[in-house]
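Have a look at the structure below before the remarks.
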Number of protein chains: 2
Amino acid sequence: MNIREYMTGLGRQARQAGRRMSRAETGNKNRALLEIAAQIEKQRDFLAEQNRQDLQAGRKNGLDAALLDRLELTPGRIDAMLEGLEQVAALADPVGGISDLCYRPSGIQVGRMRMPLGVVGIIYESRPNVTVDAAALCLKSGNACILRGGSEALRSNQAIASCISEGLQAAGLPVEAVQVVATTERAAVGELITMNDYVDVIIPRGGKGLIERITREASIAVIKHLDGICHVYIDDKADPDKAVNIAYNAKTHRYGVCNAMETLLVAEGIAARVLPELAEKYRQAGVELRGCLKTCALLTGCKRATEQDWQTEYLAPVLSIRIVDDLDAALQHIARYSSAHTESIVTEDYSRARRFLREVDSSSVMVNASTRFADGFEYGLGAEIGISTDKLHARGPVGLEGLTTVKFVVLGDGQIRR
Amino acid sequence: MNIREYMTGLGRQARQAGRRMSRAETGNKNRALLEIAAQIEKQRDFLAEQNRQDLQAGRKNGLDAALLDRLELTPGRIDAMLEGLEQVAALADPVGGISDLCYRPSGIQVGRMRMPLGVVGIIYESRPNVTVDAAALCLKSGNACILRGGSEALRSNQAIASCISEGLQAAGLPVEAVQVVATTERAAVGELITMNDYVDVIIPRGGKGLIERITREASIAVIKHLDGICHVYIDDKADPDKAVNIAYNAKTHRYGVCNAMETLLVAEGIAARVLPELAEKYRQAGVELRGCLKTCALLTGCKRATEQDWQTEYLAPVLSIRIVDDLDAALQHIARYSSAHTESIVTEDYSRARRFLREVDSSSVMVNASTRFADGFEYGLGAEIGISTDKLHARGPVGLEGLTTVKFVVLGDGQIRR
């Protein structure tokens, strides 16, 4: 197989399908989503069998337990895929929506119409459920997509692809609107991220290594999400109960997620009031603490944090803690070490909350809430295809809107420029 | 001078100034804009003198007449700079505005706060007025900027830079918020477009060659504007008077601008009714016509258009004309040849207008209006720093909003994830 020709073929088909998808009616797009769900339901046994073969091959190839776990399509995960499709079908269609339409002094009306981006390339690892989730969001937002999953999930992804294809066909939409790359050759990724004529945006989903490599090598714009080094700052005007609850929840609700807190900042004036209680709770949950000098003086058994700790996304039951003088010192620490994902302040002080909201330059900035809320579902976007820590185009959780662009529309009655 | 060190120094200062600018009060930013205007007014003679020296050197170096014209700071152009500053001061401040704030089922409130991008790098040619226009928009949107003008305008730009610096100082804002690169070394551009740590977006303004080179070499995101191959389609359900007025205005109002029409598409059913009248008007204005076979059969003295003509942005009194079967044929021509800048349909047919608006994939799509309206002032953006024909981040005329991003803000009362 000539990889370049194969990928270019996918690209050309995607571009054509994208044009048709951009004017597809909302009803047809929703019908396709529900038909895909119906196909997956019908093909449950086949999906499970293909997935079993992937798992078997994975074990033989020595994949580690975490990867095998992500690869597995349990009945519960298949149910979640079906639920996801129904949820996306129920979301409002962003395409064609016109905002801010108003009359100008010249007599023309000017507004902005939301339109699909065109063709979205998505590169992801192991989890086969991404195939359905990503396809659903691209489909609903009127885009065509080219999906490149991990080689370890090839059979599972191909089985899901056939369900998607049947669903599109049943709704009268072009089957090339969702194409799953059928080769495990790594060169396919290299082609995908440089087909500027056929692909409008690349979304990598996976580990930092994958995302960095793709960003470096892509000539197409990338919506990317690197680290989530999230901070909670407990101000000395915080309500201590809220502070303890939020700091505990932000660290321990789930460890391996990008919106988990990795560093806790505590104002010196409240440290003695909240840290011992928090430390006790963390210890019971098995969280290892690494603190600054003052933290270690306050908490027995706390390891000294190194410069490296402030820069680390643990994704594990480990937390670094720093006692700071005040809000200014907290803002400085965040400006220096944050990955611009999510930061939260706990305070009852109005002016400090206002300053924190304005001055912290992260994709999500919170007052008195757990960083774990930084999520497309929690924000009401319906679903998310990723979380962008970039500033251009999309920032924060990326839902349907992040897969669209706007064009200006002008309605006139014969107006000319004078 | 070590160019890398010099540019890195500018970058570091811009990053710091950007942080201060992002929280600058609206009143201070407006004061700075008006102080800059006052300085320019005060330094009129000095500006004129420095500009005279640039012009003299330009003539000695054999710059062509068009370039010399753009380089000249006439009293009228200085007046326009002052007016521009006052207009930007009068615009609403986008920074800190919160939209879509609403309560979620969890009890948190989620909204989006508009924030500056950070540091904007602008690369432009000859016109020294861009120095003030670009600086004003960046300043008002809370960004720091690094401006790199053409070497032929160095003295003029430095004189303007000193006025800007005085204005910033008078308003208590960091003078490093607007820095004009003081070297004519071309290596400075190479540095500017690859300082990813210090610059968030690059905006090139100038000829296609400049923009293509910068896009190719930049590692930072570029807001770019390449060709403006704009189309007007006269539908057979068009009002003939509106059709003639719009097609005449779109071509002849100004020739050297990106929103001028370059190709006129006419439905076969109305061609005989409108084209002879239009051709007569064009001839009187000195516009050379190049038509398809059918057009040439209808209009005496019309040259045959080649394939190359459909792909050309003339920026001159030349127009290509094609008679097409119907709306579908027009949409096909546009999909193939348009540069995605601006297209307009002239029709009284509701359904065709509706289709054109939805299906044409350009940054501006119009019904019964001259393409010349595609402009930041005409759209009510107040001013524009460029017109983006890209789809991501900013599309169409880019005003203050295009120089900003949004972050999610979450207001809670102690909420944690369950």
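Labels for the structure tokens follow display order: chains A, B, ..., residues from 1 in each chain, ligands from 1.
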
May I ask you to extract the residues of chain A within 7 Å of chain B, using only C-alpha atoms, and to give them as JSON, numbers by chain?
-> {"A": [23, 96, 110, 117, 242, 246, 249, 357, 358, 359, 362, 363, 364, 365, 366, 367, 368, 369, 370, 372, 373, 379, 391, 392, 393, 395, 396, 405, 406, 407, 408, 409, 410, 411, 412, 413, 414, 415, 416, 417]}

Can you spit out the residues from that selection as a CSV table (one decimal), in the first residue's frame, using C-alpha atoms?
chain,number,residue,atom,x,y,z
A,23,ARG,CA,-25.3,21.8,4.3
A,96,GLY,CA,-26.0,28.1,10.3
A,110,VAL,CA,-24.3,42.5,9.2
A,117,LEU,CA,-14.4,24.0,9.9
A,242,LYS,CA,-15.0,25.1,51.8
A,246,ILE,CA,-12.4,21.8,47.6
A,249,ASN,CA,-12.0,17.0,46.1
A,357,LEU,CA,-10.6,36.0,37.9
A,358,ARG,CA,-9.2,38.8,35.8
A,359,GLU,CA,-5.5,38.2,36.4
A,362,SER,CA,-5.7,30.1,32.3
A,363,SER,CA,-8.3,28.4,30.2
A,364,SER,CA,-10.5,28.0,33.3
A,365,VAL,CA,-10.4,30.3,36.3
A,366,MET,CA,-12.6,29.5,39.3
A,367,VAL,CA,-13.8,30.9,42.6
A,368,ASN,CA,-14.8,28.5,45.4
A,369,ALA,CA,-15.1,25.5,43.2
A,370,SER,CA,-13.2,22.3,42.6
A,372,ARG,CA,-12.6,19.0,38.6
A,373,PHE,CA,-15.5,21.0,37.2
A,379,TYR,CA,-19.9,23.5,31.6
A,391,LYS,CA,-5.3,30.7,23.3
A,392,LEU,CA,-6.2,30.9,19.7
A,393,HIS,CA,-9.4,29.6,18.2
A,395,ARG,CA,-9.7,27.6,24.7
A,396,GLY,CA,-10.8,25.3,27.5
A,405,THR,CA,-16.0,28.9,12.6
A,406,VAL,CA,-18.0,32.0,11.8
A,407,LYS,CA,-18.4,33.9,8.5
A,408,PHE,CA,-19.8,37.3,8.1
A,409,VAL,CA,-23.2,37.5,6.4
A,410,VAL,CA,-24.4,40.8,4.8
A,411,LEU,CA,-28.0,41.3,3.8
A,412,GLY,CA,-28.5,44.3,1.5
A,413,ASP,CA,-31.1,45.8,-0.8
A,414,GLY,CA,-28.8,47.0,-3.5
A,415,GLN,CA,-26.4,49.0,-1.3
A,416,ILE,CA,-23.1,50.2,-2.8
A,417,ARG,CA,-20.1,51.9,-1.2

Determine, counting only C-alpha atoms, which protein, DNA and RNA residues have an atom within 8 Å of an atom of B:Ile3; residues of the same chain fewer than 3 positions away are not included. Present the result as a ChimeraX atom specification.
-> /B:6-7,185,187-188,191

Contact residues around stretch 36-51 of chain B with only C-alpha atoms at 7 Å, ignoring same-chain residues under 6 positions, as a count of residues only | 11

Non-local contacts of A:Glu125 (12 Å; only C-alpha atoms; under 5 positions in same chain excluded) as a PyMOL selection string = chain A and resi 67-68+70-71+130-131+147-154+157+184+204-211

Go ahead and save the residues from that selection, with N, CA and C atoms, as a JSON list (two decimals), in the first residue's frame.
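The file below, again_13.json, is the result:
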[["chain", "number", "residue", "atom", "x", "y", "z"],
["A", 67, "LEU", "N", -2.77, 0.20, 29.63],
["A", 67, "LEU", "CA", -3.14, 0.30, 28.21],
["A", 67, "LEU", "C", -4.21, -0.72, 27.87],
["A", 68, "LEU", "N", -4.06, -1.94, 28.39],
["A", 68, "LEU", "CA", -5.05, -2.98, 28.14],
["A", 68, "LEU", "C", -6.41, -2.57, 28.71],
["A", 70, "ARG", "N", -7.55, 0.50, 29.10],
["A", 70, "ARG", "CA", -8.15, 1.52, 28.25],
["A", 70, "ARG", "C", -8.68, 0.94, 26.94],
["A", 71, "LEU", "N", -8.05, -0.14, 26.50],
["A", 71, "LEU", "CA", -8.41, -0.76, 25.23],
["A", 71, "LEU", "C", -9.72, -1.54, 25.32],
["A", 130, "VAL", "N", -13.25, 6.57, 21.73],
["A", 130, "VAL", "CA", -13.00, 7.87, 21.12],
["A", 130, "VAL", "C", -13.49, 7.89, 19.67],
["A", 131, "THR", "N", -13.41, 6.72, 19.01],
["A", 131, "THR", "CA", -13.86, 6.65, 17.62],
["A", 131, "THR", "C", -15.30, 7.13, 17.48],
["A", 147, "LEU", "N", -10.18, 9.66, 11.21],
["A", 147, "LEU", "CA", -9.81, 9.22, 12.55],
["A", 147, "LEU", "C", -8.66, 8.24, 12.46],
["A", 148, "ARG", "N", -7.64, 8.47, 13.26],
["A", 148, "ARG", "CA", -6.49, 7.60, 13.27],
["A", 148, "ARG", "C", -6.27, 7.14, 14.70],
["A", 149, "GLY", "N", -6.79, 5.95, 15.00],
["A", 149, "GLY", "CA", -6.66, 5.40, 16.35],
["A", 149, "GLY", "C", -5.36, 4.64, 16.51],
["A", 150, "GLY", "N", -5.16, 4.12, 17.71],
["A", 150, "GLY", "CA", -3.94, 3.36, 17.98],
["A", 150, "GLY", "C", -3.94, 2.03, 17.26],
["A", 151, "SER", "N", -2.74, 1.55, 16.90],
["A", 151, "SER", "CA", -2.66, 0.30, 16.15],
["A", 151, "SER", "C", -3.16, -0.86, 17.00],
["A", 152, "GLU", "N", -3.04, -0.75, 18.34],
["A", 152, "GLU", "CA", -3.47, -1.84, 19.21],
["A", 152, "GLU", "C", -5.00, -2.00, 19.21],
["A", 153, "ALA", "N", -5.72, -0.97, 18.71],
["A", 153, "ALA", "CA", -7.19, -1.01, 18.73],
["A", 153, "ALA", "C", -7.76, -1.15, 17.32],
["A", 154, "LEU", "N", -6.94, -1.57, 16.38],
["A", 154, "LEU", "CA", -7.35, -1.53, 14.97],
["A", 154, "LEU", "C", -8.65, -2.29, 14.70],
["A", 157, "ASN", "N", -11.65, -0.56, 16.30],
["A", 157, "ASN", "CA", -11.98, 0.67, 15.59],
["A", 157, "ASN", "C", -12.62, 0.39, 14.24],
["A", 184, "THR", "N", -1.96, 0.54, 10.07],
["A", 184, "THR", "CA", -1.27, 0.85, 11.32],
["A", 184, "THR", "C", 0.09, 1.50, 11.04],
["A", 204, "PRO", "N", -5.03, 16.08, 18.40],
["A", 204, "PRO", "CA", -4.40, 14.89, 18.97],
["A", 204, "PRO", "C", -4.96, 14.63, 20.36],
["A", 205, "ARG", "N", -5.24, 13.39, 20.65],
["A", 205, "ARG", "CA", -5.69, 13.04, 21.99],
["A", 205, "ARG", "C", -4.83, 11.93, 22.52],
["A", 206, "GLY", "N", -4.13, 12.18, 23.59],
["A", 206, "GLY", "CA", -3.28, 11.14, 24.14],
["A", 206, "GLY", "C", -2.22, 11.74, 25.03],
["A", 207, "GLY", "N", -1.13, 11.02, 25.20],
["A", 207, "GLY", "CA", -0.06, 11.45, 26.09],
["A", 207, "GLY", "C", 0.66, 12.66, 25.55],
["A", 208, "LYS", "N", 1.43, 13.28, 26.46],
["A", 208, "LYS", "CA", 2.16, 14.49, 26.12],
["A", 208, "LYS", "C", 3.12, 14.26, 24.96],
["A", 209, "GLY", "N", 3.74, 13.09, 24.92],
["A", 209, "GLY", "CA", 4.71, 12.78, 23.87],
["A", 209, "GLY", "C", 4.07, 12.85, 22.50],
["A", 210, "LEU", "N", 2.90, 12.20, 22.40],
["A", 210, "LEU", "CA", 2.15, 12.20, 21.13],
["A", 210, "LEU", "C", 1.83, 13.63, 20.71],
["A", 211, "ILE", "N", 1.31, 14.40, 21.65],
["A", 211, "ILE", "CA", 0.84, 15.75, 21.32],
["A", 211, "ILE", "C", 2.01, 16.64, 20.92]]

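With atom CA of A:Val274 on one side and atom CA of A:Lys237 on the other, the separation reads 11.9 Å.
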
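Each of A:Leu139, A:Gly9, A:Val181, A:Asp69 was compared to A:Gly27 using only C-alpha atoms, and A:Leu139 turns out to be the nearest.
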
Exercise: A:Ser320 partners within 12 Å, only C-alpha atoms, chain neighbours under 5 positions left out, as a ChimeraX atom specification = /A:229-232,247,251,261-266,279,282,287-293,295-296,302-314

Let me see the file: selected residues, N, CA and C atoms, as a short mmCIF file (atom, residue, chain, number, x, y, z; two decimals), in the first residue's frame.
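Here's the written file part-v6.cif:
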data_model
loop_
_atom_site.label_atom_id
_atom_site.label_comp_id
_atom_site.auth_asym_id
_atom_site.auth_seq_id
_atom_site.Cartn_x
_atom_site.Cartn_y
_atom_site.Cartn_z
N ILE A 229 -1.31 21.27 34.89
CA ILE A 229 -0.76 21.53 36.24
C ILE A 229 -1.68 22.55 36.88
N CYS A 230 -2.71 22.05 37.56
CA CYS A 230 -3.77 22.91 38.10
C CYS A 230 -3.48 23.27 39.56
N HIS A 231 -3.83 24.50 39.93
CA HIS A 231 -3.59 25.00 41.28
C HIS A 231 -4.89 25.35 41.98
N VAL A 232 -4.91 25.10 43.29
CA VAL A 232 -5.93 25.69 44.15
C VAL A 232 -5.20 26.62 45.11
N ALA A 247 -10.12 21.53 48.25
CA ALA A 247 -8.74 21.05 48.06
C ALA A 247 -8.69 19.53 48.10
N LYS A 251 -7.98 17.13 44.49
CA LYS A 251 -6.88 16.16 44.38
C LYS A 251 -7.36 14.72 44.28
N MET A 261 -6.04 18.79 40.80
CA MET A 261 -5.07 19.73 41.36
C MET A 261 -3.73 19.03 41.54
N GLU A 262 -2.65 19.71 41.16
CA GLU A 262 -1.32 19.14 41.37
C GLU A 262 -0.54 19.92 42.43
N THR A 263 -0.85 21.20 42.57
CA THR A 263 -0.18 22.02 43.59
C THR A 263 -1.22 22.81 44.38
N LEU A 264 -1.09 22.76 45.70
CA LEU A 264 -1.96 23.53 46.58
C LEU A 264 -1.17 24.69 47.15
N LEU A 265 -1.70 25.90 46.96
CA LEU A 265 -1.09 27.10 47.53
C LEU A 265 -1.95 27.55 48.71
N VAL A 266 -1.31 27.86 49.83
CA VAL A 266 -2.08 28.25 51.01
C VAL A 266 -1.51 29.55 51.58
N ALA A 279 -4.10 17.54 55.61
CA ALA A 279 -3.03 16.54 55.54
C ALA A 279 -3.53 15.20 56.07
N TYR A 282 -5.72 13.68 53.42
CA TYR A 282 -4.90 13.18 52.31
C TYR A 282 -4.20 11.88 52.71
N VAL A 287 -2.49 9.90 49.80
CA VAL A 287 -1.84 10.91 48.96
C VAL A 287 -0.50 11.31 49.59
N GLU A 288 0.56 11.21 48.81
CA GLU A 288 1.88 11.62 49.28
C GLU A 288 1.99 13.14 49.20
N LEU A 289 2.49 13.78 50.29
CA LEU A 289 2.60 15.24 50.30
C LEU A 289 4.05 15.68 50.18
N ARG A 290 4.26 16.69 49.35
CA ARG A 290 5.60 17.28 49.23
C ARG A 290 5.47 18.79 49.41
N GLY A 291 6.10 19.32 50.43
CA GLY A 291 5.84 20.72 50.79
C GLY A 291 7.07 21.61 50.75
N CYS A 292 6.81 22.91 50.80
CA CYS A 292 7.88 23.88 50.96
C CYS A 292 8.35 23.81 52.41
N LEU A 293 9.38 24.58 52.70
CA LEU A 293 9.97 24.55 54.05
C LEU A 293 8.91 24.79 55.12
N THR A 295 5.67 24.45 54.97
CA THR A 295 4.69 23.36 55.02
C THR A 295 5.26 22.20 55.81
N CYS A 296 6.53 21.88 55.54
CA CYS A 296 7.15 20.75 56.24
C CYS A 296 7.27 21.02 57.74
N CYS A 302 5.97 15.24 56.08
CA CYS A 302 5.83 15.79 54.74
C CYS A 302 7.21 15.92 54.11
N LYS A 303 7.36 15.37 52.90
CA LYS A 303 8.62 15.42 52.17
C LYS A 303 8.87 16.83 51.64
N ARG A 304 10.14 17.22 51.48
CA ARG A 304 10.45 18.52 50.88
C ARG A 304 10.19 18.49 49.37
N ALA A 305 9.47 19.49 48.90
CA ALA A 305 9.24 19.62 47.46
C ALA A 305 10.46 20.24 46.81
N THR A 306 10.82 19.78 45.64
CA THR A 306 11.93 20.38 44.88
C THR A 306 11.35 21.30 43.81
N GLU A 307 12.23 22.07 43.19
CA GLU A 307 11.82 22.91 42.07
C GLU A 307 11.06 22.08 41.02
N GLN A 308 11.51 20.86 40.82
CA GLN A 308 10.89 19.97 39.84
C GLN A 308 9.42 19.71 40.18
N ASP A 309 9.11 19.63 41.47
CA ASP A 309 7.72 19.32 41.87
C ASP A 309 6.74 20.37 41.39
N TRP A 310 7.13 21.64 41.47
CA TRP A 310 6.20 22.69 41.05
C TRP A 310 5.89 22.61 39.56
N GLN A 311 6.76 21.92 38.82
CA GLN A 311 6.60 21.83 37.36
C GLN A 311 6.00 20.51 36.91
N THR A 312 5.55 19.70 37.87
CA THR A 312 5.17 18.33 37.51
C THR A 312 3.66 18.10 37.57
N GLU A 313 3.14 17.49 36.50
CA GLU A 313 1.77 17.00 36.52
C GLU A 313 1.84 15.54 36.97
N TYR A 314 1.51 15.30 38.26
CA TYR A 314 1.72 13.96 38.78
C TYR A 314 0.76 12.94 38.17
#

Neighbours of A:Ile203 within 6 Å (only C-alpha atoms; same-chain residues fewer than 5 positions away dropped), as a ChimeraX atom specification?
-> /A:122,222-223

Keeping only N, CA and C atoms, take the residues you just selected and write them out as a CSV table (one decimal), in the first residue's frame.
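The resulting file, selection.csv, is shown below:
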chain,number,residue,atom,x,y,z
A,122,ILE,N,-8.3,13.5,13.6
A,122,ILE,CA,-8.1,13.2,15.0
A,122,ILE,C,-7.2,12.0,15.1
A,222,VAL,N,-3.2,22.9,15.0
A,222,VAL,CA,-3.5,21.8,15.9
A,222,VAL,C,-4.3,22.4,17.1
A,223,ILE,N,-5.4,21.8,17.5
A,223,ILE,CA,-6.0,22.1,18.8
A,223,ILE,C,-5.4,21.2,19.8

Give the helix (DSSP H, G or I) residues of stretch 176-415 of chain B, as DSSP finds them on the backbone, and put them as a ChimeraX atom specification.
-> /B:176-177,187-192,208-217,240-252,268-285,293-298,307-310,327-337,350-359,371-373,401-403

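If you look at atom CA of B:Gly58 and atom CA of B:Met81, they are 22.3 Å away from each other.
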